[in-house]
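Colleague: This structure is in structure tokens; I'll ask about it shortly.
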Amino acid sequence: MRTQTDIVKLINVILEEHNTLWDNQRSELKRYRDVYENKFWQANYMQDTMIRVETADCFSYVEGFIASLFSRNPAVVLGKDPSMMNGEPKVAQEVINRFLFDKRDQFEIASRLALIYPCSFLKLSPTDSSDILEMVDIRAVPCWEIIVDTDASSWDSQRFCGHTYYLSMPEAKKRYGNKKFSAIPKADYFHPNNRYDGKTDDMPDDYLYIQVVELYDFAYDQLYFWSPNYKNGEELLERNQIPIRTYDDKPLSPICPLFYARKPEKAMCGLSAVSRVYDQFYEKNILRTYWANAVRRDSRQYLYREGALDEEALAQITSGVDGAMIPVDLPSLDGVIQSIGVEPISTNFDRYLAAIEQDINRGSILAPFSRGEATKATATEVTALAQYSASEIGKLARERDGLIEQVARVYLRIVSLLAEDNQKAVIDVEGKMTIINMQDLDAKFKIVALDQSSTPLSEAIKRTNLVNLLPVLAQLGVPNNTLKEELIRIYDFPQSFLETPPTPPMPPQQQGMPQAPSGQPMEAQGVGDIGAQGELPAQQLAQELLSRK
């Protein structure tokens, strides 16, 4: 077992490597954030007299992925693992989906962070509530706050992982007791030097913080809390066994990763989607800025022979909005006033802008029409591009689904940990109010994200293909009720569409009404197609038969 001195040394080494890794990327990540927020020129020096133009290409690039990845609220489907007989999958499924229902915003924030920056994380943590199903909260965490084992080949094979964050002084004293802390102002990742310059004694405790490192040591099954603001970082704040356990009593961290792309040689190091096309965004902003300043210099200007016009005449001539008169002493001047030709901007700029747009489109896996751009592609080409985009977006969707499944698994384990003995809750399961026991949740489940890897684009392709194949499926003998159920499911129609309307009762036969002989159709009795359709009301049918009699 490690001593406290060894643990403190280990935390300092890990924290130093973590800080070095993200300090080296700070300026690069700031550029990605600025171009997404349309603050490209904020980090680039330019003369104040020049007009600066920024495009929203990066914003549309990122939000195009977000719109393609999220169409509904996140949800999961649970099944019982054959190796474990306890637990109720339906109950656990409703509990998880109830938790996920209001958490879509955090999943979207995490996805947005993972697209702009190399990766992102979701962290689940206990919160104050009298309802056991509301005792867990979740929030998206940027990559520079999470400590990972960069030498690990996967998230589950890490030797350690952690979270570095700031706690306000009231929260720190509530959690760790009335210890003596050296409080500091909170530092921002992108502006680490913008701190309060005065004395911290002049500020109330509510505006001061301590930095905390929460480290999960999987090798020794220990959870450490350490702060450099407590006893100069020479002692731990707290030390416990990792409380969150899997169904087979293995340590589990409340941190869930989201990597949309990874470095080939480093599975725990992500790649930013914006980094692939940042150079194109840079060039386009430069080009558009140059054009904006060139257009403003594109004005009508003239030369006139000095002394040929007096000041009053010149004032009348120059009264135009964009007219400018320039006196020159040139004997070769053609006439009294001569206009100065303005050359148009070279067509090379148009070709260069087209090349930049092509590079941006190549860097994006979304087809242009999926972003609302009109193209001249044929229907066959559009279908092929849509299927390719759906496949590529599907890969990102699988990463998103993996995050949802991991969050569901951790949530169940935390709820089982926080619930007290004999504490129960009530939840709606298939329209029935069901009392939840913790034994129903404390089991091994197969957790699969609902509509795994599906996206709005791929769903649209499935709907189109199903409608086109309806005649073929009917000829192959697929029952109409089965086709109806599939259409209602894939188009998300109300389940009431599946209900069969009640058959109206047959009208009683009136006395004296002629009846068709056995085996003989009604047309033979002169009724025509009334009996075949069977749509006339009883009174109208009787009147028709009596009139024909």
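The chains in the structure tokens are called A, B, ... from first to last as shown; in each chain the residues are counted from 1, and the ligands are counted from 1 in the order shown.
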Set the distance at 10 Å and use only C-alpha atoms: which residues neighbour region 143-145 of chain A once local chain neighbours fewer than 3 positions away are removed? I'd like the list as a list of chain:residue names.
Modeller: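 The contact residues come out as A:His18, A:Asn19, A:Leu21, A:Trp22, A:Asp23, A:Gln25, A:Arg26, A:Ala110, A:Leu113, A:Ala114, A:Tyr117, A:Pro118, A:Cys119, A:Ser120, A:Phe121, A:Ala140, A:Val148, A:Gly162, A:His163, A:Thr164, A:Tyr165, A:Tyr189, A:Val213, A:Pro257, A:Leu258, A:Cys269, A:Gly270.
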Colleague: As a PyMOL selection string, which residues of region 163-211 of chain A does DSSP assign to strand (DSSP E)?
Modeller: chain A and resi 163-168+209-211
Colleague: Write the residues of the selection above to a file with C-alpha atoms, as an mmCIF file, in the first residue's frame.
Modeller:
data_model
loop_
_atom_site.group_PDB
_atom_site.id
_atom_site.type_symbol
_atom_site.label_atom_id
_atom_site.label_comp_id
_atom_site.auth_asym_id
_atom_site.auth_seq_id
_atom_site.Cartn_x
_atom_site.Cartn_y
_atom_site.Cartn_z
ATOM 1 C CA HIS A 163 -10.522 15.439 -12.499
ATOM 2 C CA THR A 164 -8.971 18.776 -11.608
ATOM 3 C CA TYR A 165 -11.400 21.539 -10.687
ATOM 4 C CA TYR A 166 -12.027 24.508 -8.405
ATOM 5 C CA LEU A 167 -14.217 24.500 -5.293
ATOM 6 C CA SER A 168 -15.493 27.658 -3.667
ATOM 7 C CA TYR A 209 -11.511 28.970 -4.400
ATOM 8 C CA ILE A 210 -9.207 26.077 -3.836
ATOM 9 C CA GLN A 211 -7.943 23.806 -6.584
#
Colleague: Excluding same-chain residues fewer than 5 positions from Asp217 (chain A), what lies within 8 Å of it counting only C-alpha atoms, as an NGL selection string?
Modeller: :A and (159-161 or 222-224)
Colleague: Take the residues that were just selected and, keeping N, CA and C atoms, output them as a compact mmCIF listing (two decimals), in the first residue's frame.
Modeller:
# COMPACT_ATOMS: atom_id res chain seq x y z
N ARG A 159 -4.65 2.90 -15.71
CA ARG A 159 -4.16 2.71 -14.35
C ARG A 159 -4.72 3.76 -13.41
N PHE A 160 -5.07 4.92 -13.97
CA PHE A 160 -5.62 6.01 -13.17
C PHE A 160 -6.38 6.96 -14.09
N CYS A 161 -7.24 7.74 -13.52
CA CYS A 161 -7.86 8.88 -14.20
C CYS A 161 -8.30 9.84 -13.11
N GLN A 222 -8.03 2.99 -4.98
CA GLN A 222 -8.08 4.09 -4.03
C GLN A 222 -8.53 5.37 -4.73
N LEU A 223 -9.23 6.21 -3.97
CA LEU A 223 -9.66 7.52 -4.44
C LEU A 223 -8.99 8.58 -3.57
N TYR A 224 -8.23 9.49 -4.22
CA TYR A 224 -7.48 10.52 -3.50
C TYR A 224 -8.07 11.90 -3.82
Colleague: Go through A:Leu69, A:Trp291, A:Thr150, A:Arg262 and flag the residue nearest Arg398 (chain A), using only C-alpha atoms for the distances.
Modeller: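 Smallest separation from Arg398 (chain A) among the options: A:Leu69.
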Colleague: For the atom pair CA of Leu115 (chain A) and CA of Glu63 (chain A), what is the interatomic distance in Å to one decimal place?
Modeller: 9.5 Å
Colleague: I'd like the neighbourhood of Glu283 (chain A) as a list in words, where a residue qualifies if any of its atoms comes within 12 Å (using only C-alpha atoms), though same-chain residues fewer than 3 positions away should be ignored.
Modeller: Val35, Phe40, Val53, Glu54, Thr55, Asp57, Val277, Tyr278, Asp279, Gln280, Ile286, Leu287, Arg288, Thr289, Tyr290, Phe349, Tyr352, Leu353, Ala354, Ala355, Ile356, Glu357, Asp359 and Ile360 of chain A
Colleague: Write out, as a PDB file, in the first residue's frame, the residues just selected, with N, CA and C atoms.
Modeller:
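Output file selection-v7.pdb follows:
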ATOM      1  N   VAL A  35     -12.552  30.916 -33.771  1.00  0.00           N
ATOM      2  CA  VAL A  35     -13.133  30.834 -35.108  1.00  0.00           C
ATOM      3  C   VAL A  35     -14.548  30.290 -35.048  1.00  0.00           C
ATOM      4  N   PHE A  40     -12.486  35.427 -34.892  1.00  0.00           N
ATOM      5  CA  PHE A  40     -11.232  35.054 -35.543  1.00  0.00           C
ATOM      6  C   PHE A  40     -10.196  36.165 -35.439  1.00  0.00           C
ATOM      7  N   VAL A  53     -13.551  41.132 -41.781  1.00  0.00           N
ATOM      8  CA  VAL A  53     -14.753  40.347 -42.072  1.00  0.00           C
ATOM      9  C   VAL A  53     -14.521  38.908 -41.634  1.00  0.00           C
ATOM     10  N   GLU A  54     -15.507  38.337 -40.960  1.00  0.00           N
ATOM     11  CA  GLU A  54     -15.438  36.938 -40.541  1.00  0.00           C
ATOM     12  C   GLU A  54     -16.641  36.187 -41.098  1.00  0.00           C
ATOM     13  N   THR A  55     -16.429  34.957 -41.463  1.00  0.00           N
ATOM     14  CA  THR A  55     -17.509  34.101 -41.944  1.00  0.00           C
ATOM     15  C   THR A  55     -17.930  33.134 -40.841  1.00  0.00           C
ATOM     16  N   ASP A  57     -18.484  29.919 -41.229  1.00  0.00           N
ATOM     17  CA  ASP A  57     -18.299  28.563 -41.743  1.00  0.00           C
ATOM     18  C   ASP A  57     -18.011  27.560 -40.631  1.00  0.00           C
ATOM     19  N   VAL A 277      -9.967  21.493 -40.706  1.00  0.00           N
ATOM     20  CA  VAL A 277     -10.322  22.507 -41.708  1.00  0.00           C
ATOM     21  C   VAL A 277     -10.025  23.923 -41.208  1.00  0.00           C
ATOM     22  N   TYR A 278      -9.251  24.055 -40.146  1.00  0.00           N
ATOM     23  CA  TYR A 278      -8.975  25.398 -39.623  1.00  0.00           C
ATOM     24  C   TYR A 278      -8.226  26.252 -40.636  1.00  0.00           C
ATOM     25  N   ASP A 279      -7.271  25.666 -41.351  1.00  0.00           N
ATOM     26  CA  ASP A 279      -6.510  26.447 -42.336  1.00  0.00           C
ATOM     27  C   ASP A 279      -7.418  27.023 -43.408  1.00  0.00           C
ATOM     28  N   GLN A 280      -8.457  26.293 -43.805  1.00  0.00           N
ATOM     29  CA  GLN A 280      -9.386  26.790 -44.806  1.00  0.00           C
ATOM     30  C   GLN A 280     -10.235  27.938 -44.246  1.00  0.00           C
ATOM     31  N   ILE A 286      -9.280  35.643 -44.379  1.00  0.00           N
ATOM     32  CA  ILE A 286      -8.288  36.561 -44.957  1.00  0.00           C
ATOM     33  C   ILE A 286      -8.769  37.082 -46.310  1.00  0.00           C
ATOM     34  N   LEU A 287      -9.253  36.183 -47.157  1.00  0.00           N
ATOM     35  CA  LEU A 287      -9.692  36.566 -48.499  1.00  0.00           C
ATOM     36  C   LEU A 287     -10.891  37.494 -48.450  1.00  0.00           C
ATOM     37  N   ARG A 288     -11.876  37.174 -47.619  1.00  0.00           N
ATOM     38  CA  ARG A 288     -13.058  38.027 -47.539  1.00  0.00           C
ATOM     39  C   ARG A 288     -12.712  39.403 -46.973  1.00  0.00           C
ATOM     40  N   THR A 289     -11.759  39.450 -46.040  1.00  0.00           N
ATOM     41  CA  THR A 289     -11.327  40.740 -45.508  1.00  0.00           C
ATOM     42  C   THR A 289     -10.638  41.569 -46.582  1.00  0.00           C
ATOM     43  N   TYR A 290      -9.812  40.914 -47.398  1.00  0.00           N
ATOM     44  CA  TYR A 290      -9.140  41.634 -48.489  1.00  0.00           C
ATOM     45  C   TYR A 290     -10.167  42.185 -49.475  1.00  0.00           C
ATOM     46  N   PHE A 349      -8.836  35.436 -57.628  1.00  0.00           N
ATOM     47  CA  PHE A 349      -9.411  35.354 -56.286  1.00  0.00           C
ATOM     48  C   PHE A 349     -10.665  34.486 -56.289  1.00  0.00           C
ATOM     49  N   TYR A 352      -9.565  30.961 -56.327  1.00  0.00           N
ATOM     50  CA  TYR A 352      -8.981  30.578 -55.042  1.00  0.00           C
ATOM     51  C   TYR A 352     -10.073  30.345 -53.993  1.00  0.00           C
ATOM     52  N   LEU A 353     -11.111  31.191 -54.010  1.00  0.00           N
ATOM     53  CA  LEU A 353     -12.211  31.005 -53.079  1.00  0.00           C
ATOM     54  C   LEU A 353     -12.931  29.683 -53.355  1.00  0.00           C
ATOM     55  N   ALA A 354     -13.101  29.345 -54.625  1.00  0.00           N
ATOM     56  CA  ALA A 354     -13.735  28.070 -54.968  1.00  0.00           C
ATOM     57  C   ALA A 354     -12.890  26.890 -54.467  1.00  0.00           C
ATOM     58  N   ALA A 355     -11.567  27.020 -54.574  1.00  0.00           N
ATOM     59  CA  ALA A 355     -10.692  25.957 -54.072  1.00  0.00           C
ATOM     60  C   ALA A 355     -10.799  25.824 -52.559  1.00  0.00           C
ATOM     61  N   ILE A 356     -10.918  26.953 -51.841  1.00  0.00           N
ATOM     62  CA  ILE A 356     -11.078  26.911 -50.390  1.00  0.00           C
ATOM     63  C   ILE A 356     -12.382  26.217 -50.027  1.00  0.00           C
ATOM     64  N   GLU A 357     -13.464  26.553 -50.730  1.00  0.00           N
ATOM     65  CA  GLU A 357     -14.757  25.917 -50.454  1.00  0.00           C
ATOM     66  C   GLU A 357     -14.685  24.410 -50.687  1.00  0.00           C
ATOM     67  N   ASP A 359     -12.036  22.523 -50.386  1.00  0.00           N
ATOM     68  CA  ASP A 359     -11.254  21.925 -49.301  1.00  0.00           C
ATOM     69  C   ASP A 359     -12.097  21.797 -48.025  1.00  0.00           C
ATOM     70  N   ILE A 360     -12.948  22.790 -47.753  1.00  0.00           N
ATOM     71  CA  ILE A 360     -13.814  22.715 -46.581  1.00  0.00           C
ATOM     72  C   ILE A 360     -14.796  21.564 -46.726  1.00  0.00           C
TER      73      ILE A 360
END
Colleague: Can you tell me, as an mmCIF file with C-alpha atoms, in the first residue's frame, what residues are no more than 6 Å from Lys123 (chain A) when counting only C-alpha atoms, ignoring any on the same chain fewer than 3 positions away?
Modeller:
data_model
loop_
_atom_site.group_PDB
_atom_site.id
_atom_site.type_symbol
_atom_site.label_atom_id
_atom_site.label_comp_id
_atom_site.auth_asym_id
_atom_site.auth_seq_id
_atom_site.Cartn_x
_atom_site.Cartn_y
_atom_site.Cartn_z
ATOM 1 C CA ILE A 138 -24.459 15.142 -14.779
ATOM 2 C CA ARG A 139 -22.438 17.798 -16.549
ATOM 3 C CA PRO A 254 -18.003 8.455 -12.611
ATOM 4 C CA ILE A 255 -16.261 9.958 -15.686
#
Colleague: Which distance in Å separates CA of Leu100 (chain A) and CA of Ile447 (chain A), to one decimal?
Modeller: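 Computing the Euclidean distance for CA of Leu100 (chain A) and CA of Ile447 (chain A) yields 13.5 Å.
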Colleague: Find the residues near Arg239 (chain A): any atom within 12 Å, counting only C-alpha atoms, skip ones fewer than 4 places away on the same chain, and give them as an mmCIF file with C-alpha atoms, in the first residue's frame.
Modeller:
data_model
loop_
_atom_site.group_PDB
_atom_site.id
_atom_site.type_symbol
_atom_site.label_atom_id
_atom_site.label_comp_id
_atom_site.auth_asym_id
_atom_site.auth_seq_id
_atom_site.Cartn_x
_atom_site.Cartn_y
_atom_site.Cartn_z
ATOM 1 C CA ARG A 2 1.318 3.432 -0.928
ATOM 2 C CA THR A 3 2.219 5.861 1.833
ATOM 3 C CA GLN A 4 0.839 9.394 1.863
ATOM 4 C CA ILE A 7 0.762 9.363 -3.154
ATOM 5 C CA VAL A 8 1.498 13.084 -3.030
ATOM 6 C CA TYR A 176 -13.722 18.661 3.934
ATOM 7 C CA VAL A 213 -7.410 17.060 -7.797
ATOM 8 C CA GLU A 214 -9.736 14.047 -7.634
ATOM 9 C CA LEU A 215 -7.666 11.023 -8.649
ATOM 10 C CA TYR A 216 -8.906 7.453 -9.126
ATOM 11 C CA ASP A 217 -6.062 4.963 -8.604
ATOM 12 C CA TYR A 220 -4.635 0.172 -5.752
ATOM 13 C CA ASP A 221 -8.419 0.716 -5.765
ATOM 14 C CA GLN A 222 -8.077 4.087 -4.029
ATOM 15 C CA LEU A 223 -9.665 7.524 -4.442
ATOM 16 C CA TYR A 224 -7.485 10.520 -3.500
ATOM 17 C CA PHE A 225 -8.469 14.159 -2.947
ATOM 18 C CA TRP A 226 -5.524 16.549 -2.948
ATOM 19 C CA GLU A 235 -0.901 16.164 2.641
ATOM 20 C CA PRO A 243 -16.932 3.821 -3.825
#
Colleague: Report, in Å to a single decimal, how far apart CA of Tyr260 (chain A) and CA of Phe445 (chain A) are.
Modeller: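 Atom-to-atom, CA of Phe445 (chain A) and CA of Tyr260 (chain A) are spaced 25.5 Å apart.
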Colleague: Could you tell me which of A:Asn293, A:Lys173, A:Leu208, A:Lys284 comes closest to Leu237 (chain A) if we count only C-alpha atoms?
Modeller: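 Answer, going by the shortest atom-to-atom distance: A:Lys173.
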Colleague: Got a sec: who's within 10 Å of Glu94 (chain A), counting only C-alpha atoms, leaving out chain neighbours fewer than 4 positions off, as a list in words?
Modeller: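 Contacts, in chain order: Ala75, Val76, Val77, Leu78, Pro89, Lys90, Arg98, Phe99, Leu100, Ile427, Asp428, Val429 and Glu430 of chain A.
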Colleague: Please determine, counting only C-alpha atoms, which residue among A:Lys174, A:Arg52, A:Lys103, A:Arg72 has the shortest atom-to-atom distance to Leu450 (chain A).
Modeller: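 Looking at the shortest contact to Leu450 (chain A), the residue is A:Arg72.
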Colleague: Name the closest residue to Thr464 (chain A) among the candidates A:Lys9, A:Glu28, A:Leu441, A:Leu487; distances are taken between atoms, counting only C-alpha atoms.
Modeller: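 Residue with the minimum atom-to-atom distance to Thr464 (chain A): A:Leu487.
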